Structures are given as structure tokens and as C-alpha cells.
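This report refers to the structure that appears directly beneath it.
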Protein chains: 2
Amino acid sequence: MEHNPESCMLDKTLNVIVGKWKLAILHLLFQGTKRFSELQHGIPDITKKVLTAHLRELEEDDIIKRIVYAEVPPRVEYSLTEYGYSLQPTLQSLQEWGSNHAEHMRSKRERQSSTKFPDDQPAVSVE
Amino acid sequence: MEHNPESCMLDKTLNVIVGKWKLAILHLLFQGTKRFSELQHGIPDITKKVLTAHLRELEEDDIIKRIVYAEVPPRVEYSLTEYGYSLQPTLQSLQEWGSNHAEHMRSKRERQSSTKFPDDQPAVSVE
DNA sequence: CCGTATCCGTGGCGATACTG
DNA sequence: CAGTATCGCCACGGATACGG
């Protein structure tokens, strides 16, 4: 699906962490082991189906591990694998850039709204 | 859409770089200024519509700039903004993790396929 | 408690044709 | 050359009900 090796490797990383709630899940698991229900309560808007699906994908990518305790009522605990922790620096880099980006866009918007004439933003063009 | 600040900032970054061809576009533009048609030829499978859409989004996020030359036939050049270059370290981090991940999954698959019995992978469970 | 099964809505993307 | 306009598909995710 991709031709040049760099973009390809980048895509592989994104495939692991992209998903509507994957970052929220990882965020919780970086805090420590969590049961299924703890994850669900930690992310109030997620449904069980999607939570399960995301957890299976992360497990498939060896980022998290799933331990089923043979008890009644059932107990299932999720935690990061040792390998999963290797994501941390990369995620931190993303987070830092995101923070900076939020600030960048905010100050950009300020500059725009402070212009006296709403339509004095000429399209960039050259003759 | 997200509650805790870290995941939220992470999401902001992802929103900028996620898109089927955005990384490919950025990869080309990191090489230097490119015309619309150069981008299109550099990414053979992309359609003009989607290329345009992605470029507009990147422009909206202040990652790239678009310069229209008032000529016939028309010429439009795209290039990274100064701010756009600030993505580079983060993208490199993603790329490196992706490379490592590809290797990790490869060696994991090897270990699996070398097991004598196909179904001797017990589900992780504890009593 | 921890899921699976089913149905369905939406948005990202593709294909194709047209335009200044 | 550098787009826009239309139409259509399909994977992702949401809602709800059921099951071990």
C-alpha cells in the first residue's frame, strides 16, 4: 500500500495506535494493570464491543497482554507487555508536538481574528 | 472527545498526520517544494480529489504552504512551512518504532511457526 | 463480569466526468 | 495543469440484545 520504506514504517506504527479509543486505553494501562470493567469505566463513552475489539488488536500487536482468571465471576486483567513500554518515547513525542500544535493554532487564530477586515487574507499568489 | 489531557494532545497530533496518503505527501515535501502534478506522479495511486483534500488539510494545520503562480498553464507549488519542519523529529520517532515493530513481529511469527503443534498455544489463564 | 451477535449509520476514500 | 462535482463503496464504530 505504500512504496517508499520510510512512510511504510510510519504507517505500521500508526496502524498500531490509531483507533478511536486506543490512546485512551494505552493511557490507562500505562498507569498499571486494569480489569476490563476498569477500562470501561475509565472511558465512559466506549462500548464493550469496541473496547474488546481494540484490546484484541493491541494484543495482536503484542502491546498488551490479557490474563484470564478462572474464577466466578470472571476476572480478566489487561496490562502492557514489556515490549509495549517501548511505545512510550514515541507517544511522548506525539504528545509534546500536539501540545505545541494546540498552542500554535491558538496563537495563529488570534492573529487572524485581530485583523480589522475579515476578508483581507489574500490567497497566496504570484505573477 | 477525549477527557484526559495527554491522550487529547496525542489525538491532535494524529489528526494532523492521519489520512491515507498524508505521510507519503509529507515524505515528498520533506525532499523539497513540489508541484501538484509532481506529488500526483510521486504517489501513483492517489486521485486528484483526495490529493487536493489532504493538501488542504495540511495547509489548514499550517504544515504546508501553497503558492499559486498566475500563469497559463497554471502552476501551483506546495512546500513545508517552517513550522511544518517541527514534525520531523516526531515522524522519525514513529518511523524508528515502526521499523523495530516490523522486526519484532517478524521474529515473533517465526517463533510461533516453529512450534511443532499448531494448536499448542494455550490461552493465558490462571486459576 | 466479560464478553459475542446483529444491525445499522457515517465518513473517508475511490472512480469518473467536467471546468477555468 | 490543477483542480471541482457526483456518485458509490466499505470499514469503523455505535446501539442493542443475548450468552457463558
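Labeling convention for the C-alpha cells: chains A, B, ... as they appear, residues from 1 per chain, ligands from 1 in order of appearance.
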
With only C-alpha atoms (C1' of nucleotides) considered, list every residue of chain B at most 12 Å from chain C, as a PyMOL selection string. chain B and resi 18-21+45-51+53-54+72-74

Check every residue of chain D for an atom within 10 Å of chain B, counting only C-alpha atoms (C1' of nucleotides), and provide those that qualify as a PDB file with N, CA and C atoms (P, O5', C5', C4', C3', O3' and C1' of nucleotides), in the first residue's frame.
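Final output, saved to iface-v1.pdb:
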```
ATOM      1  P    DC D   1       0.244  18.704 -17.655  1.00  0.00           P
ATOM      2  O5'  DC D   1      -0.299  20.177 -17.258  1.00  0.00           O
ATOM      3  C5'  DC D   1       0.625  21.103 -16.756  1.00  0.00           C
ATOM      4  C4'  DC D   1      -0.072  21.936 -15.713  1.00  0.00           C
ATOM      5  C3'  DC D   1      -0.285  21.209 -14.382  1.00  0.00           C
ATOM      6  O3'  DC D   1       0.081  22.144 -13.361  1.00  0.00           O
ATOM      7  C1'  DC D   1      -2.374  21.954 -15.244  1.00  0.00           C
ATOM      8  P    DA D   2       0.247  21.700 -11.813  1.00  0.00           P
ATOM      9  O5'  DA D   2      -1.181  22.003 -11.188  1.00  0.00           O
ATOM     10  C5'  DA D   2      -1.649  23.333 -11.151  1.00  0.00           C
ATOM     11  C4'  DA D   2      -3.100  23.350 -10.780  1.00  0.00           C
ATOM     12  C3'  DA D   2      -3.438  22.558  -9.514  1.00  0.00           C
ATOM     13  O3'  DA D   2      -4.264  23.346  -8.679  1.00  0.00           O
ATOM     14  C1'  DA D   2      -4.864  21.942 -11.253  1.00  0.00           C
ATOM     15  P    DG D   3      -4.391  22.961  -7.114  1.00  0.00           P
ATOM     16  O5'  DG D   3      -5.226  21.602  -7.088  1.00  0.00           O
ATOM     17  C5'  DG D   3      -6.530  21.616  -6.596  1.00  0.00           C
ATOM     18  C4'  DG D   3      -7.520  22.081  -7.664  1.00  0.00           C
ATOM     19  C3'  DG D   3      -8.950  21.789  -7.322  1.00  0.00           C
ATOM     20  O3'  DG D   3      -9.500  22.857  -6.583  1.00  0.00           O
ATOM     21  C1'  DG D   3      -8.471  21.396  -9.650  1.00  0.00           C
ATOM     22  P    DT D   4     -10.680  22.563  -5.597  1.00  0.00           P
ATOM     23  O5'  DT D   4     -12.030  22.313  -6.438  1.00  0.00           O
ATOM     24  C5'  DT D   4     -12.665  23.347  -7.129  1.00  0.00           C
ATOM     25  C4'  DT D   4     -13.879  22.789  -7.846  1.00  0.00           C
ATOM     26  C3'  DT D   4     -14.956  22.179  -6.949  1.00  0.00           C
ATOM     27  O3'  DT D   4     -16.205  22.678  -7.394  1.00  0.00           O
ATOM     28  C1'  DT D   4     -14.331  20.623  -8.608  1.00  0.00           C
TER      29       DT D   4
END
```

Proximal residues of chain B relative to chain A (only C-alpha atoms; 6 Å) as a list in words: Ser7, Met9, Leu10, Lys12, Thr13, Leu23, Ala24, Ile67, Val68, Tyr69, Ala70, Thr90, Ser93, Leu94, Gln95, Gly98, Ser99, Val124, Ser125, Val126 and Glu127 of chain B

Looking only at the backbone, which of the residues in stretch 1-111 of chain B does DSSP tag as alpha helix (DSSP H), as a ChimeraX atom specification? /B:5-17,22-30,36-42,48-60,88-111

Which residues, written as number ranges by chain, have at least one atom at most 10 Å from A:Tyr85, with only C-alpha atoms (C1' of nucleotides) counted and residues fewer than 6 positions away on the same chain left out? A: 26, 30, 63-64

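Residues of stretch 1-125 of chain B that DSSP, applied to the backbone, places in strand (DSSP E): Lys34, Arg35, Ile64, Lys65, Arg66, Ile67, Val68, Tyr69, Arg75, Val76, Glu77, Tyr78, Ser79, Leu80 and Ser125 of chain B.
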
One decimal, Å: what's the distance from atom CA of B:Leu80 over to atom CA of B:Gly32, could you say? 7.8 Å

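In this model, the gap between atom CA of A:Gln112 and atom CA of B:Glu77 comes to 23.5 Å.
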